[in-house]
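*Asks:* You'll find target01.txt just under this line, and it carries compact mmCIF, C-alpha atoms.
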# COMPACT_ATOMS: atom_id res chain seq x y z
CA MET A 33 -8.33 7.65 -31.38
CA THR A 34 -5.78 10.45 -31.22
CA SER A 35 -2.23 9.33 -30.42
CA PRO A 36 -0.97 11.24 -27.36
CA ILE A 37 2.61 11.39 -28.57
CA THR A 38 1.80 12.99 -31.91
CA HIS A 39 -1.18 15.09 -30.84
CA ALA A 40 1.00 18.20 -30.71
CA LEU A 41 1.28 18.19 -34.50
CA ARG A 42 -2.39 19.09 -34.76
CA LYS A 43 -2.68 22.88 -34.81
CA GLY A 44 -5.72 23.37 -37.03
CA GLU A 45 -9.26 24.14 -36.05
CA VAL A 46 -12.20 22.05 -37.21
CA GLY A 47 -12.78 22.90 -40.86
CA GLU A 48 -9.13 23.58 -41.69
CA LEU A 49 -7.82 21.40 -44.49
CA ASN A 50 -5.43 18.48 -44.00
CA VAL A 51 -3.63 17.25 -47.13
CA VAL A 52 -2.69 13.64 -47.85
CA PHE A 53 -0.69 12.71 -50.97
CA GLY A 54 -0.82 8.99 -51.74
CA SER A 55 1.83 6.78 -53.31
CA GLY A 56 2.35 6.49 -57.05
CA GLY A 57 5.98 7.09 -57.99
CA THR A 58 6.48 9.69 -60.70
CA LYS A 59 2.70 10.02 -61.12
CA ALA A 60 2.36 11.03 -57.47
CA VAL A 61 5.03 13.72 -57.83
CA LEU A 62 3.57 15.22 -60.99
CA ALA A 63 -0.10 14.99 -60.01
CA GLY A 64 0.88 16.39 -56.62
CA ALA A 65 2.32 19.43 -58.39
CA GLY A 66 -1.03 19.81 -60.15
CA SER A 67 -2.85 19.70 -56.81
CA ILE A 68 -0.57 22.37 -55.40
CA ILE A 69 -1.30 24.61 -58.40
CA ALA A 70 -5.02 24.17 -57.68
CA PHE A 71 -4.52 25.08 -54.00
CA GLU A 72 -2.62 28.25 -54.87
CA LEU A 73 -4.97 29.47 -57.59
CA ALA A 74 -7.97 28.75 -55.36
CA GLY A 75 -6.39 30.79 -52.59
CA LEU A 76 -5.96 27.86 -50.19
CA LYS A 77 -2.77 28.50 -48.21
CA ASN A 78 -3.26 27.46 -44.60
CA PHE A 79 -3.33 23.74 -43.87
CA ALA A 80 -3.45 21.97 -40.52
CA THR A 81 -1.27 19.02 -41.60
CA ILE A 82 0.44 18.03 -44.84
CA GLY A 83 1.67 14.50 -45.35
CA GLY A 84 2.15 11.69 -47.76
CA ALA A 85 3.43 8.20 -48.37
CA SER A 86 6.00 6.93 -50.85
CA GLY A 87 6.13 9.18 -53.94
CA GLY A 88 3.48 11.40 -52.39
CA SER A 89 5.86 12.34 -49.59
CA ILE A 90 7.87 14.43 -52.07
CA PRO A 91 5.19 17.01 -53.05
CA ALA A 92 4.00 16.96 -49.43
CA ALA A 93 7.45 17.93 -48.16
CA LEU A 94 7.80 20.70 -50.74
CA LEU A 95 4.35 22.15 -50.07
CA ALA A 96 4.88 22.05 -46.31
CA SER A 97 8.28 23.72 -46.69
CA GLY A 98 6.61 26.81 -48.16
CA ALA A 99 7.64 26.40 -51.80
CA SER A 100 5.33 28.11 -54.27
CA ALA A 101 3.31 26.29 -56.92
CA SER A 102 5.55 27.69 -59.67
CA GLN A 103 8.69 26.46 -57.88
CA ILE A 104 7.26 22.99 -57.33
CA LEU A 105 6.02 22.79 -60.92
CA ALA A 106 9.42 23.84 -62.24
CA HIS A 107 11.14 21.10 -60.23
CA ALA A 108 8.61 18.50 -61.39
CA LEU A 109 8.96 19.43 -65.07
CA LYS A 110 12.69 20.06 -65.22
CA THR A 111 13.97 17.28 -62.99
CA ASP A 112 15.15 14.15 -64.73
CA PHE A 113 13.74 11.55 -62.34
CA THR A 114 16.41 9.07 -63.35
CA SER A 115 18.98 11.46 -61.87
CA LEU A 116 17.45 11.00 -58.39
CA LEU A 117 18.16 7.28 -58.35
CA THR A 118 21.45 5.47 -58.88
CA ALA A 119 21.18 2.30 -60.95
CA LYS A 120 23.08 -0.63 -59.40
CA THR A 121 22.31 -3.16 -62.12
CA GLY A 122 21.70 -3.35 -65.85
CA LYS A 123 18.35 -2.84 -67.58
CA ILE A 124 17.44 -6.54 -67.60
CA ARG A 125 17.76 -6.84 -63.81
CA GLN A 126 15.74 -3.64 -63.41
CA ILE A 127 12.91 -5.02 -65.56
CA LEU A 128 12.95 -8.29 -63.60
CA ALA A 129 12.76 -6.35 -60.33
CA LEU A 130 9.67 -4.48 -61.55
CA LEU A 131 8.03 -7.73 -62.61
CA MET A 132 8.77 -9.22 -59.18
CA LYS A 133 7.51 -6.12 -57.35
CA TYR A 134 4.49 -7.83 -55.81
CA ARG A 135 6.56 -10.77 -54.60
CA TYR A 136 9.11 -8.41 -53.10
CA GLU A 137 6.34 -6.66 -51.17
CA GLN A 138 5.99 -9.97 -49.30
CA THR A 139 9.65 -11.03 -48.99
CA ARG A 140 11.03 -7.50 -48.35
CA PRO A 141 14.63 -7.76 -49.65
CA ILE A 142 16.83 -5.06 -48.11
CA LYS A 143 18.65 -4.28 -51.36
CA GLY A 144 17.08 -3.14 -54.61
CA VAL A 145 18.28 -2.35 -58.12
CA PHE A 146 18.41 1.39 -57.35
CA SER A 147 19.81 3.39 -54.43
CA SER A 148 18.17 6.65 -53.37
CA GLU A 149 20.89 8.79 -51.78
CA LYS A 150 20.55 11.39 -54.55
CA LEU A 151 16.80 11.62 -53.89
CA GLY A 152 17.53 12.36 -50.24
CA THR A 153 20.04 15.05 -51.17
CA PHE A 154 17.56 16.62 -53.62
CA VAL A 155 14.72 16.79 -51.06
CA SER A 156 16.93 17.99 -48.18
CA ALA A 157 18.29 20.80 -50.36
CA LEU A 158 14.73 22.06 -50.89
CA ALA A 159 13.47 21.39 -47.36
CA THR A 160 16.50 22.23 -45.24
CA SER A 161 14.65 21.81 -41.93
CA TRP A 162 11.61 19.82 -40.95
CA PRO A 163 8.43 21.76 -41.90
CA ASP A 164 6.12 22.23 -38.92
CA LYS A 165 3.05 20.58 -40.46
CA PHE A 166 4.74 17.83 -42.47
CA TRP A 167 4.53 14.11 -41.74
CA THR A 168 5.43 10.93 -43.56
CA ALA A 169 5.64 7.25 -42.71
CA ALA A 170 7.67 4.18 -43.62
CA SER A 171 6.78 0.54 -43.08
CA ALA A 172 8.80 -1.72 -40.82
CA GLU A 173 8.64 -5.33 -39.68
CA GLN A 174 5.13 -5.71 -38.23
CA GLY A 175 4.51 -2.00 -37.91
CA PHE A 176 5.56 1.40 -39.16
CA VAL A 177 7.58 4.48 -38.22
CA LEU A 178 5.90 7.89 -38.25
CA PHE A 179 8.13 10.91 -38.84
CA THR A 180 7.01 14.39 -37.70
CA LYS A 181 8.59 17.57 -36.36
CA HIS A 182 8.49 15.86 -32.96
CA GLY A 183 10.86 13.13 -34.08
CA ALA A 184 10.20 9.50 -34.93
CA HIS A 185 7.75 7.10 -33.31
CA ARG A 186 7.43 3.39 -33.98
CA PHE A 187 4.04 1.74 -33.98
CA GLY A 188 3.80 -2.04 -33.77
CA VAL A 189 0.92 -4.46 -34.02
CA GLY A 190 -0.82 -4.60 -30.68
CA THR A 191 1.96 -2.75 -28.86
CA HIS A 192 2.32 0.70 -27.37
CA PRO A 193 4.10 3.27 -29.57
CA VAL A 194 7.79 3.77 -28.90
CA GLN A 195 9.57 7.10 -29.27
CA LEU A 196 12.71 6.56 -31.34
CA ALA A 197 13.80 10.21 -31.51
CA SER A 198 12.58 13.44 -29.96
CA GLU A 199 14.08 15.63 -32.68
CA PRO A 200 13.14 15.53 -36.38
CA VAL A 201 15.30 13.52 -38.74
CA ALA A 202 16.55 14.91 -42.05
CA VAL A 203 13.60 15.37 -44.39
CA GLY A 204 15.49 13.66 -47.20
CA MET A 205 16.11 10.56 -45.08
CA ALA A 206 12.42 10.25 -44.11
CA VAL A 207 11.33 10.66 -47.74
CA ARG A 208 13.87 8.07 -48.88
CA ALA A 209 12.52 5.61 -46.32
CA SER A 210 8.95 6.21 -47.44
CA CYS A 211 9.97 5.67 -51.09
CA ALA A 212 11.96 2.45 -50.53
CA ILE A 213 10.05 -0.01 -52.74
CA PRO A 214 11.23 -3.52 -51.73
CA GLY A 215 13.55 -5.07 -54.29
CA VAL A 216 13.41 -1.97 -56.48
CA ILE A 217 14.83 0.83 -54.28
CA ASP A 218 17.16 0.04 -51.36
CA SER A 219 15.62 0.05 -47.91
CA VAL A 220 16.77 2.77 -45.51
CA SER A 221 18.29 1.70 -42.21
CA TYR A 222 17.10 3.67 -39.20
CA GLN A 223 18.34 2.75 -35.74
CA GLY A 224 19.37 -0.66 -37.01
CA GLU A 225 16.06 -1.52 -38.65
CA PRO A 226 15.36 -1.52 -42.41
CA LEU A 227 12.47 0.72 -43.42
CA PHE A 228 10.39 0.33 -46.55
CA ASP A 229 7.75 2.03 -48.67
CA GLY A 230 5.16 4.02 -46.74
CA ALA A 231 2.45 2.53 -48.98
CA PHE A 232 2.83 -0.78 -47.09
CA THR A 233 1.66 0.43 -43.68
CA GLU A 234 -1.74 -0.58 -42.32
CA PHE A 235 -3.15 2.63 -43.83
CA GLY A 236 -2.49 1.62 -47.44
CA GLU A 237 -1.32 3.45 -50.53
CA CYS A 238 -3.23 6.64 -49.71
CA PRO A 239 -3.14 6.82 -45.89
CA VAL A 240 -6.20 8.98 -45.19
CA ASP A 241 -6.87 7.27 -41.86
CA LEU A 242 -3.41 8.07 -40.44
CA PRO A 243 -4.10 11.75 -39.66
CA VAL A 244 -7.52 10.75 -38.32
CA GLN A 245 -6.02 8.28 -35.84
CA HIS A 246 -2.84 10.10 -34.90
CA PHE A 247 -3.61 13.80 -35.29
CA GLY A 248 -7.27 13.78 -34.32
CA VAL A 249 -8.60 15.40 -37.50
CA ARG A 250 -11.98 14.77 -39.04
CA LYS A 251 -12.12 12.89 -42.34
CA SER A 252 -14.35 15.65 -43.70
CA ASP A 253 -11.38 18.02 -43.27
CA ILE A 254 -9.06 15.85 -45.40
CA PHE A 255 -8.17 16.35 -49.04
CA ALA A 256 -6.49 13.24 -50.50
CA LEU A 257 -4.76 12.64 -53.82
CA ASP A 258 -5.00 8.93 -54.64
CA ILE A 259 -3.04 7.62 -57.63
CA SER A 260 -4.45 4.42 -59.07
CA GLU A 261 -2.54 2.03 -61.30
CA GLU A 262 -5.66 0.04 -62.11
CA ILE A 263 -5.35 0.82 -65.85
CA VAL A 264 -1.92 -0.86 -65.89
CA LYS A 265 -3.07 -3.72 -63.70
CA LYS A 266 -5.98 -4.54 -66.00
CA ASN A 267 -3.55 -5.48 -68.78
CA ARG A 268 -4.03 -9.25 -69.07
CA TRP A 269 -0.47 -10.07 -70.09
CA LEU A 270 1.06 -7.94 -67.36
CA ARG A 271 -1.10 -9.67 -64.75
CA ILE A 272 0.05 -13.06 -66.03
CA LEU A 273 3.69 -11.97 -65.83
CA PHE A 274 3.22 -10.54 -62.33
CA HIS A 275 1.72 -13.84 -61.14
CA ILE A 276 4.48 -15.89 -62.80
CA PHE A 277 7.24 -13.86 -61.20
CA CYS A 278 5.51 -13.92 -57.83
CA GLY A 279 6.17 -17.67 -57.70
CA GLY A 280 3.29 -18.28 -55.33
CA ARG A 281 4.45 -15.60 -52.88
CA CYS A 282 2.56 -12.65 -54.24
CA VAL A 283 0.54 -10.14 -52.27
CA SER A 284 -2.69 -8.92 -53.86
CA ILE A 285 -2.06 -7.01 -57.07
CA ASP A 286 -5.34 -5.16 -56.64
CA ALA A 287 -4.68 -2.72 -53.80
CA PRO A 288 -7.52 -1.14 -51.82
CA HIS A 289 -8.21 2.55 -52.32
CA PRO A 290 -10.03 5.11 -50.17
CA GLU A 291 -13.61 6.03 -50.94
CA ALA A 292 -15.21 9.45 -50.99
CA LYS A 293 -17.28 8.99 -47.86
CA ASP A 294 -17.51 10.69 -44.48
CA GLY A 295 -16.93 13.93 -46.37
CA LEU A 296 -13.46 12.98 -47.61
CA MET A 297 -12.39 15.17 -50.54
CA LEU A 298 -10.89 12.53 -52.80
CA ALA A 299 -9.06 13.28 -56.04
CA GLN A 300 -8.26 10.30 -58.26
CA PRO A 301 -6.63 11.56 -61.46
CA ALA A 302 -6.78 9.38 -64.57
CA ILE A 303 -3.15 9.36 -65.72
CA SER A 304 -2.45 7.11 -68.68
CA GLY A 305 0.43 6.42 -71.01
CA PHE A 306 3.12 5.49 -68.50
CA HIS A 307 3.67 3.45 -65.35
CA ALA A 308 4.28 5.01 -61.93
CA LEU A 309 7.81 3.55 -61.89
CA GLU A 310 8.82 4.95 -65.26
CA PHE A 311 11.46 7.58 -64.59
CA THR A 312 12.27 8.79 -68.12
CA LEU A 313 9.31 10.90 -69.23
CA SER A 314 8.71 13.45 -71.96
CA LEU A 315 7.57 16.97 -71.15
CA ASP A 316 4.18 16.14 -72.66
CA GLN A 317 3.75 13.11 -70.37
CA LYS A 318 4.69 15.21 -67.36
CA TRP A 319 2.22 17.95 -68.24
CA HIS A 320 -0.53 15.35 -68.77
CA ALA A 321 -0.06 14.11 -65.18
CA VAL A 322 0.12 17.66 -63.80
CA VAL A 323 -3.10 18.68 -65.58
CA GLN A 324 -4.92 15.55 -64.38
CA GLY A 325 -3.80 16.28 -60.83
CA PHE A 326 -5.02 19.86 -61.13
CA ALA A 327 -8.40 18.94 -62.61
CA SER A 328 -9.18 16.15 -60.15
CA THR A 329 -8.17 18.40 -57.24
CA VAL A 330 -10.43 21.24 -58.37
CA GLU A 331 -13.32 18.80 -58.75
CA ALA A 332 -12.75 17.24 -55.31
CA LEU A 333 -12.50 20.60 -53.58
CA ASP A 334 -15.62 21.83 -55.34
CA ARG A 335 -17.59 18.73 -54.31
CA GLY A 336 -16.49 19.39 -50.75
CA GLY A 337 -17.52 23.03 -50.92
CA ARG A 338 -13.94 24.15 -50.27
CA LEU A 339 -13.30 26.40 -53.27
CA PRO A 340 -13.35 30.00 -51.98
CA ALA A 341 -16.21 31.88 -53.64
CA GLU A 342 -13.95 34.67 -54.92
CA ASN A 343 -11.80 32.21 -56.93
CA ARG A 344 -14.23 29.41 -57.72
CA ASP A 345 -15.32 30.59 -61.17
CA PHE A 346 -11.74 31.22 -62.22
CA VAL A 347 -10.34 27.79 -61.28
CA LEU A 348 -13.36 25.99 -62.74
CA SER A 349 -13.02 27.87 -66.04
CA LEU A 350 -9.28 27.14 -66.12
CA LYS A 351 -9.98 23.45 -65.51
CA ASN A 352 -12.40 23.43 -68.46
CA LEU A 353 -9.89 25.18 -70.74
CA LEU A 354 -7.20 22.64 -69.86
CA ALA A 355 -9.63 19.75 -70.33
CA ALA A 356 -10.38 21.01 -73.85
CA VAL A 357 -6.77 20.35 -74.93
CA ASP A 358 -6.68 17.08 -76.87
CA VAL A 359 -4.81 14.55 -74.74
CA SER A 360 -3.96 12.51 -77.84
CA THR A 361 -1.48 15.25 -78.75
CA VAL A 362 0.78 13.87 -75.99
CA ARG A 363 2.03 11.35 -78.55
CA LYS A 364 2.53 14.09 -81.10
CA ARG A 365 4.65 16.12 -78.67
CA GLN A 366 2.21 19.04 -78.91
CA PHE A 367 0.32 18.72 -75.62
CA ALA A 368 2.81 20.63 -73.44
CA LYS A 369 2.88 23.62 -75.79
CA GLN A 370 -0.91 23.94 -75.78
CA ILE A 371 -1.15 23.58 -71.99
CA GLN A 372 1.55 26.19 -71.48
CA LYS A 373 -0.34 28.59 -73.75
CA VAL A 374 -3.42 28.22 -71.55
CA PHE A 375 -1.46 28.94 -68.39
CA GLN A 376 0.41 31.81 -70.04
CA SER A 377 -2.91 33.38 -70.92
CA LYS A 378 -4.86 32.72 -67.72
CA ALA A 379 -2.32 32.17 -64.92
CA PRO A 380 1.16 33.23 -66.10
CA GLN A 381 2.51 33.32 -62.53
CA ILE A 382 2.44 29.52 -62.48
CA LEU A 383 5.03 29.44 -65.27
CA ALA A 384 7.25 32.12 -63.74
Would you encode the structure as structure tokens?
*Replies:*
Amino acid sequence: MTSPITHALRKGEVGELNVVFGSGGTKAVLAGAGSIIAFELAGLKNFATIGGASGGSIPAALLASGASASQILAHALKTDFTSLLTAKTGKIRQILALLMKYRYEQTRPIKGVFSSEKLGTFVSALATSWPDKFWTAASAEQGFVLFTKHGAHRFGVGTHPVQLASEPVAVGMAVRASCAIPGVIDSVSYQGEPLFDGAFTEFGECPVDLPVQHFGVRKSDIFALDISEEIVKKNRWLRILFHIFCGGRCVSIDAPHPEAKDGLMLAQPAISGFHALEFTLSLDQKWHAVVQGFASTVEALDRGGRLPAENRDFVLSLKNLLAAVDVSTVRKRQFAKQIQKVFQSKAPQILA
């Protein structure tokens, strides 16, 4: 059911795309850049709504702000992700916090081992005012806060929504709140209440049902980028460590993910070699995530019949050329050079 207080955000007609970027830390940022490259090269420019949770809120904010694919790619490749967070403890405490991540999702400590003020400054410098079609969410005690151009609204369990603000907040603050992983990154206080990671709302890590419920869009008009950490979670020793550090207070390690049904255009890139909460990455690792985001987006859009006919052959051929680059060369520090050669030959504007 459409929420009356956020209905005004919906401007698109039936058939116009709505974009949802799911959580996934650095993977979400990089794969999101790949999705945005696919949109631009396919000629998809007009979206009804653009939103995301946690790490996915960052590419969502940049896309909604009007930044080009080349600008967003440049930021993703050149930015040292460690520079966006301020370490408050030593490495040992940081590792312990990551191992206790699933316990912290239950206990929700207000303080983490990193603070995110620099992330807020970075995002606000790129999105100086709230983009018309952008939304993001952060979890709260028994509910969540939804941020849009119409301000902030709090939704509780079994209660009527409450308007907290009629004007939009700073984009950087909303993104910080949506990225506040309990125990890892400090929570963000808003109107006296601590807010946490947007992946912990009732809509999950890739909140495809949020725009359906609150903006009245059809699921068949949604493109979603869902980052899965299942490869990491299948590691037997890591699972044992996670359960040990949970101390009996662990939420489910295996998170639910959306399914490609009801016409949902679902991209689920297979990004290996690093964890979503690794912030120090090589250029080759970054390009691997970008390429996977691009390829999975092209495939999802094609399955949904959303690649414009005039550009379809081009983006499909580019996807195949990129897929032909040996991913094992990531370890040899040769992957980025080969990928850049492909783009320089076929779509040099992306590297401009």
*Asks:* Given the choices A:Trp167, A:Tyr136, A:Phe154, A:Phe187, which gets closest to Ile217 in chain A if the distance is worked out from all atoms listed in the file?
*Replies:*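 Residue with the minimum atom-to-atom distance to Ile217 in chain A: A:Tyr136.
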*Asks:* By how many Å are CA of Phe71 in chain A and CA of Gly88 in chain A apart?
*Replies:* 15.9 Å
*Asks:* Tell me, in Å to one decimal, how far CA of Ala299 in chain A is from CA of Phe255 in chain A.
*Replies:*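 According to the coordinates, CA of Ala299 in chain A and CA of Phe255 in chain A are separated by 7.7 Å.
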*Asks:* With only C-alpha atoms as the atoms that count, which of A:Leu105, A:Phe375, A:Ala74, A:Ala172 lies nearest to Glu331 in chain A?
*Replies:* A:Ala74
*Asks:* So how many Å separate CA of Phe228 in chain A and CA of Pro214 in chain A, to one decimal?
*Replies:* 6.5 Å
*Asks:* Counting all atoms listed in the file, what is within 9 Å of Ala327 in chain A, bar same-chain residues fewer than 3 positions away, as a VMD selection string?
*Replies:* chain A and resid 66 to 67 70 299 301 322 to 324 330 to 332 348 350 to 352 354 to 355
*Asks:* Which residue out of A:Gly248, A:Pro91, A:Gly188, A:Gly122 has the minimum interatomic distance to Ala63 in chain A when all atoms listed in the file are used?
*Replies:* A:Pro91
*Asks:* Taking all atoms of range 190-199 of chain A that appear in the file, build a box with edges along x, y and z, extend it by 8 Å on every side, and state its centre and edge lengths in Å to one decimal, as lines of an AutoDock Vina configuration file.
*Replies:*
center_x = 6.6
center_y = 5.5
center_z = -30.0
size_x = 30.9
size_y = 36.2
size_z = 21.3
*Asks:* Any idea what's packed within 10 Å of Phe113 in chain A, counting only C-alpha atoms, ignoring anything in its chain fewer than 6 positions away? Could you give it as number ranges by chain?
*Replies:* A: 57-58, 151, 309-313
*Asks:* Which of these, A:Val177, A:Leu339, A:Ile382, A:Ala85, has the shortest distance to Val240 in chain A once you count only C-alpha atoms?
*Replies:*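 Ranked by minimum distance to Val240 in chain A, first place goes to A:Ala85.
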*Asks:* Please rebuild range 107-117 of chain A with all heavy atoms and return the result as a JSON list (two decimals), keeping the file's coordinate frame.
*Replies:*
[["chain", "number", "residue", "atom", "x", "y", "z"],
["A", 107, "HIS", "N", 10.35, 22.28, -60.62],
["A", 107, "HIS", "CA", 11.14, 21.10, -60.23],
["A", 107, "HIS", "C", 10.57, 19.84, -60.86],
["A", 107, "HIS", "O", 11.32, 18.98, -61.34],
["A", 107, "HIS", "CB", 11.17, 20.97, -58.71],
["A", 107, "HIS", "CG", 12.05, 21.97, -58.02],
["A", 107, "HIS", "ND1", 13.40, 22.07, -58.28],
["A", 107, "HIS", "CD2", 11.77, 22.91, -57.07],
["A", 107, "HIS", "CE1", 13.92, 23.03, -57.54],
["A", 107, "HIS", "NE2", 12.96, 23.55, -56.80],
["A", 108, "ALA", "N", 9.24, 19.71, -60.85],
["A", 108, "ALA", "CA", 8.61, 18.50, -61.39],
["A", 108, "ALA", "C", 8.85, 18.36, -62.89],
["A", 108, "ALA", "O", 9.08, 17.27, -63.39],
["A", 108, "ALA", "CB", 7.11, 18.52, -61.10],
["A", 109, "LEU", "N", 8.81, 19.48, -63.61],
["A", 109, "LEU", "CA", 8.96, 19.43, -65.07],
["A", 109, "LEU", "C", 10.41, 19.32, -65.51],
["A", 109, "LEU", "O", 10.72, 18.64, -66.50],
["A", 109, "LEU", "CB", 8.33, 20.68, -65.70],
["A", 109, "LEU", "CG", 6.82, 20.84, -65.56],
["A", 109, "LEU", "CD1", 6.38, 22.15, -66.21],
["A", 109, "LEU", "CD2", 6.07, 19.66, -66.17],
["A", 110, "LYS", "N", 11.29, 19.99, -64.78],
["A", 110, "LYS", "CA", 12.69, 20.06, -65.22],
["A", 110, "LYS", "C", 13.56, 18.93, -64.69],
["A", 110, "LYS", "O", 14.60, 18.62, -65.28],
["A", 110, "LYS", "CB", 13.29, 21.40, -64.80],
["A", 110, "LYS", "CG", 12.66, 22.61, -65.49],
["A", 110, "LYS", "CD", 13.24, 23.91, -64.98],
["A", 110, "LYS", "CE", 12.58, 25.12, -65.63],
["A", 110, "LYS", "NZ", 13.11, 26.40, -65.09],
["A", 111, "THR", "N", 13.14, 18.32, -63.59],
["A", 111, "THR", "CA", 13.97, 17.28, -62.99],
["A", 111, "THR", "C", 13.91, 15.99, -63.80],
["A", 111, "THR", "O", 12.82, 15.50, -64.12],
["A", 111, "THR", "CB", 13.52, 16.98, -61.54],
["A", 111, "THR", "OG1", 13.65, 18.18, -60.77],
["A", 111, "THR", "CG2", 14.38, 15.89, -60.92],
["A", 112, "ASP", "N", 15.05, 15.47, -64.11],
["A", 112, "ASP", "CA", 15.15, 14.15, -64.73],
["A", 112, "ASP", "C", 15.07, 13.14, -63.59],
["A", 112, "ASP", "O", 16.00, 13.00, -62.80],
["A", 112, "ASP", "CB", 16.48, 14.01, -65.48],
["A", 112, "ASP", "CG", 16.68, 12.64, -66.08],
["A", 112, "ASP", "OD1", 15.75, 11.79, -65.98],
["A", 112, "ASP", "OD2", 17.78, 12.38, -66.62],
["A", 113, "PHE", "N", 13.94, 12.44, -63.48],
["A", 113, "PHE", "CA", 13.74, 11.55, -62.34],
["A", 113, "PHE", "C", 14.79, 10.46, -62.25],
["A", 113, "PHE", "O", 15.09, 9.95, -61.16],
["A", 113, "PHE", "CB", 12.33, 10.93, -62.39],
["A", 113, "PHE", "CG", 11.23, 11.93, -62.18],
["A", 113, "PHE", "CD1", 10.21, 12.06, -63.11],
["A", 113, "PHE", "CD2", 11.20, 12.76, -61.07],
["A", 113, "PHE", "CE1", 9.19, 12.99, -62.94],
["A", 113, "PHE", "CE2", 10.19, 13.68, -60.88],
["A", 113, "PHE", "CZ", 9.19, 13.80, -61.81],
["A", 114, "THR", "N", 15.36, 10.08, -63.39],
["A", 114, "THR", "CA", 16.41, 9.07, -63.35],
["A", 114, "THR", "C", 17.64, 9.57, -62.60],
["A", 114, "THR", "O", 18.42, 8.78, -62.06],
["A", 114, "THR", "CB", 16.83, 8.64, -64.77],
["A", 114, "THR", "OG1", 17.28, 9.80, -65.48],
["A", 114, "THR", "CG2", 15.67, 8.02, -65.52],
["A", 115, "SER", "N", 17.81, 10.90, -62.54],
["A", 115, "SER", "CA", 18.98, 11.46, -61.87],
["A", 115, "SER", "C", 18.86, 11.37, -60.34],
["A", 115, "SER", "O", 19.84, 11.57, -59.63],
["A", 115, "SER", "CB", 19.18, 12.93, -62.27],
["A", 115, "SER", "OG", 18.14, 13.76, -61.72],
["A", 116, "LEU", "N", 17.67, 11.09, -59.84],
["A", 116, "LEU", "CA", 17.45, 11.00, -58.39],
["A", 116, "LEU", "C", 17.70, 9.60, -57.85],
["A", 116, "LEU", "O", 17.70, 9.39, -56.63],
["A", 116, "LEU", "CB", 16.03, 11.44, -58.04],
["A", 116, "LEU", "CG", 15.65, 12.86, -58.48],
["A", 116, "LEU", "CD1", 14.23, 13.18, -58.05],
["A", 116, "LEU", "CD2", 16.62, 13.88, -57.91],
["A", 117, "LEU", "N", 17.88, 8.65, -58.76],
["A", 117, "LEU", "CA", 18.16, 7.28, -58.35],
["A", 117, "LEU", "C", 19.45, 6.81, -59.03],
["A", 117, "LEU", "O", 19.72, 7.16, -60.17],
["A", 117, "LEU", "CB", 17.01, 6.35, -58.74],
["A", 117, "LEU", "CG", 15.65, 6.63, -58.10],
["A", 117, "LEU", "CD1", 14.59, 5.75, -58.72],
["A", 117, "LEU", "CD2", 15.72, 6.44, -56.59]]
